[in-house]
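What follows is a short report on a single structure.
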Amino acid sequence: MLGKQISCAMESGSTQFFFLIDKLRIQLLNSIESATEKDYFQEEISPFDSGVGLQMSSGHSVTTVKSNCLASVTKFAQILKILSVIYRLVQSNSYATKRDVYYNNTQLFGSQRSVDTIVDDISCMLKVSRRALHVMATSKGLIAGDLCYLEEDGTRIDCRSSSAAVSVSSNVSGIRNIVSSAKFVMIVEKDATFQRLLNDNFCRKLSPCIMITGKGVPDVNSRLMVKKLWDTLQIPIFALVDADPHGFEIMCIYKYGSVAMSFEAHSLTVPSVMWLGLLPSDLQRLMVPKHSLLPLTRRDENKLNSLLKRPYFASQPQWQKEMELMQQSKVKAEIQSLADIAPDFLSSIYLPNKLRYGGWL
């Protein structure tokens with residue numbers, strides 16, 4: 001009943017409901033205008049830039065691979081093979097997935113991981129994106145909501161036409177003619193939470209909006225899609241993750257990037273991402289049942305300590321406070337724990353109130 005009342009209130013006063021989100025958008029746009037333009041491919045780069053994210057350090061190590069050295073002859077052959085595949089792809093203006101490259105010679109590569117690492121190394125060495133190498137990753141992410149666009153081949157994708165989600169494109173850079181009236185984008189950490197919100201018609205309840213999930217640790221295409229939406233629509237982007245070190249790290253990958261992909265930080269990170277939930281402080285404020293809370297493991301504590309040492313915390317005191325609260329309470333919780341308060345608490349009460357009253361960090 002309470003969920004229905006909130007839904008009716010949103011429909012009757014959508015302008016008022018989105019007031020703080022619209023205000024946040026103006027603040028974000030003003031911060032863009034005042035930011036100084038940066039050259040992302042300069043020789044010496046700081047390991048962290050608040051406007052870009054984690055970047056490649058000038059003090060990087062160099063690995064030498066030789067054809068006449070028994071220890072590296074296989075790696076040398078693998079690199080040459082992948083370079084030859086890339087050359088043919090570029091020459092013919094065709095594309096292949098990393099999986100395709102692996103199956104080109106499974107005996108030589110031995111594992112998919114070998115191909116992934118070498119493609120990333122080549123991309124880093126040449127200072128170009130994997131897209132420029134004509135090698136793409138298979139997408140695992142999903143997207144739904146108020147969004148319509150054209151794929152590079154002219155296929156029209158309408159995320160509004162079905163209650164089911166659409167797979168994130170494997171060729172995000174080729175997307176054009178993006179049309180949306182969305183007020184915000186919400187990144188959802190887990191597929192299970194994403195599907196629950198779809199089933200609860202969240203996108204319709206809080207229309208217009210866009211939801212996207214990378215199903216856990218995001219793949220490159222999910223990150224590229226979030227970046228594309230930010231660059232095109234320039235609307236607030238919120239993250240909904242578990243109140244645990246793993247969820248926090250996933251949110252940081254979208255916002256600040258990862259060390260492994262730091263050479264592509266400028267095309268993958270969205271520093272404007274805001275933490276919507278689940279906050280450690282929410283667990284106390286909402287009196288989440290104790291049986292829904294989980295104790296931090298030794299691994300969780302080590303991860304938490306490692307996260308708190310990362311350079312971006314200097315500019316995020318509120319985030320740091322939340323993580324320290326988790327340290328002190330020694331408990332964590334999944335988003336699904338809110339269902340123990342009420343089955344539809346997440347979609348009908350928690351998120352609407354967070355978005356209406358500015359409950360983000």
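Chains: A, B, ... in order of the structure tokens. Residues: from 1 per chain. Ligands: from 1, in order shown.
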- request: Write out as a PyMOL selection string all residues of segment 118-309 of chain A that backbone DSSP assigns to helix (DSSP H, G or I).
  value: chain A and resi 118-126+172-174+191-199+202-205+220-233+245-256+262-268+280-285+290-292+298-308
message: Please determine, counting only C-alpha atoms, which residue among A:Phe17, A:Phe313, A:Phe248, A:Trp319 has the shortest atom-to-atom distance to Val188 of chain A.
response: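 Among the listed residues, A:Phe248 lies closest to Val188 of chain A.
Minimum atom-to-atom distance to Cys203 of chain A, evaluated using only C-alpha atoms, belongs to A:Ser348 out of A:Thr74, A:Thr232, A:Ser348, A:Asn30.
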field: Selected residue, from A:Gly145, A:Pro271, A:Gly174, A:Gly247, that lies nearest to Ser207 of chain A when counting only C-alpha atoms
entry: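 Of A:Gly145, A:Pro271, A:Gly174, A:Gly247, the one nearest Ser207 of chain A, counting only C-alpha atoms, is A:Gly145.
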- request: Check segment 85-255 of chain A with DSSP on the backbone and list each residue it calls strand (DSSP E or B), as a VMD selection string.
  value: chain A and resid 96 to 97 135 to 136 142 to 145 148 to 150 156 to 158 166 to 167 176 to 179 185 to 188 210 to 213 237 to 240 243
- line: Here atom CA of Val185 of chain A and atom CA of Arg285 of chain A stand apart by 25.2 Å
- prompt: In Å, how far is it from atom CA of Ile253 of chain A to atom CA of Arg223 of chain A?
  reply: 8.5 Å
Which residue of A:Phe202, A:Pro280, A:Met274, A:Gly141 approaches Met225 of chain A most closely, using only C-alpha atoms: A:Gly141
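Every protein or nucleic acid residue with an atom no more than 10 Å from segment 151-155 of chain A, counting only C-alpha atoms and leaving out same-chain residues fewer than 2 positions away, appears here: Tyr149, Ile157, Asp158, Ser169, Ser170, Asn171, Val172, Ser173, Gly174, Ile175, Arg176, Asn177 and Ile178 of chain A.
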Can you build me a table of segment 285-309 of chain A residues sitting at most 6 Å from segment 325-342 of chain A, with the closest atom pair per residue and its distance in Å to one decimal, using only C-alpha atoms, sorted by chain and residue number, as a Markdown table?
```
| residue | atom | partner | partner_atom | distance |
| --- | --- | --- | --- | --- |
| A:Ser292 | CA | A:Ser337 | CA | 5.5 |
| A:Leu293 | CA | A:Ala333 | CA | 5.1 |
| A:Leu294 | CA | A:Lys332 | CA | 5.2 |
| A:Pro295 | CA | A:Val331 | CA | 4.4 |
| A:Leu296 | CA | A:Val331 | CA | 5.2 |
```
Write out the residues from the selection above, keeping N, CA, C and O atoms, as an mmCIF file, in the first residue's frame.
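Ended up saving to result27.cif:
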```
data_model
loop_
_atom_site.group_PDB
_atom_site.id
_atom_site.type_symbol
_atom_site.label_atom_id
_atom_site.label_comp_id
_atom_site.auth_asym_id
_atom_site.auth_seq_id
_atom_site.Cartn_x
_atom_site.Cartn_y
_atom_site.Cartn_z
ATOM 1 N N SER A 292 20.085 -10.666 8.617
ATOM 2 C CA SER A 292 20.413 -10.360 7.221
ATOM 3 C C SER A 292 21.845 -9.870 7.060
ATOM 4 O O SER A 292 22.341 -9.751 5.933
ATOM 5 N N LEU A 293 22.484 -9.536 8.170
ATOM 6 C CA LEU A 293 23.849 -9.015 8.132
ATOM 7 C C LEU A 293 24.848 -10.164 8.203
ATOM 8 O O LEU A 293 24.613 -11.176 8.867
ATOM 9 N N LEU A 294 25.964 -9.992 7.510
ATOM 10 C CA LEU A 294 27.004 -11.019 7.472
ATOM 11 C C LEU A 294 28.287 -10.474 8.077
ATOM 12 O O LEU A 294 28.629 -9.300 7.870
ATOM 13 N N PRO A 295 29.026 -11.283 8.812
ATOM 14 C CA PRO A 295 30.289 -10.804 9.382
ATOM 15 C C PRO A 295 31.350 -10.652 8.306
ATOM 16 O O PRO A 295 31.391 -11.420 7.336
ATOM 17 N N LEU A 296 32.190 -9.651 8.449
ATOM 18 C CA LEU A 296 33.301 -9.476 7.512
ATOM 19 C C LEU A 296 34.295 -10.620 7.687
ATOM 20 O O LEU A 296 34.655 -10.979 8.811
#
```
query: Looking at A:Asp242, A:Asp100, A:Glu324, A:Asp120, which one is nearest to Ala192 of chain A, with distances taken over only C-alpha atoms?
result: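 Residue with the minimum atom-to-atom distance to Ala192 of chain A: A:Asp242.
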statement: Between A:His246, A:Arg113, A:Arg356, A:Lys205, smallest distance to Leu24 of chain A by only C-alpha atoms belongs to A:Arg356
field: Within 9 Å of Lys255 of chain A using only C-alpha atoms, minus same-chain residues under 5 positions, as a PyMOL selection string
entry: chain A and resi 52-53+250+268-274
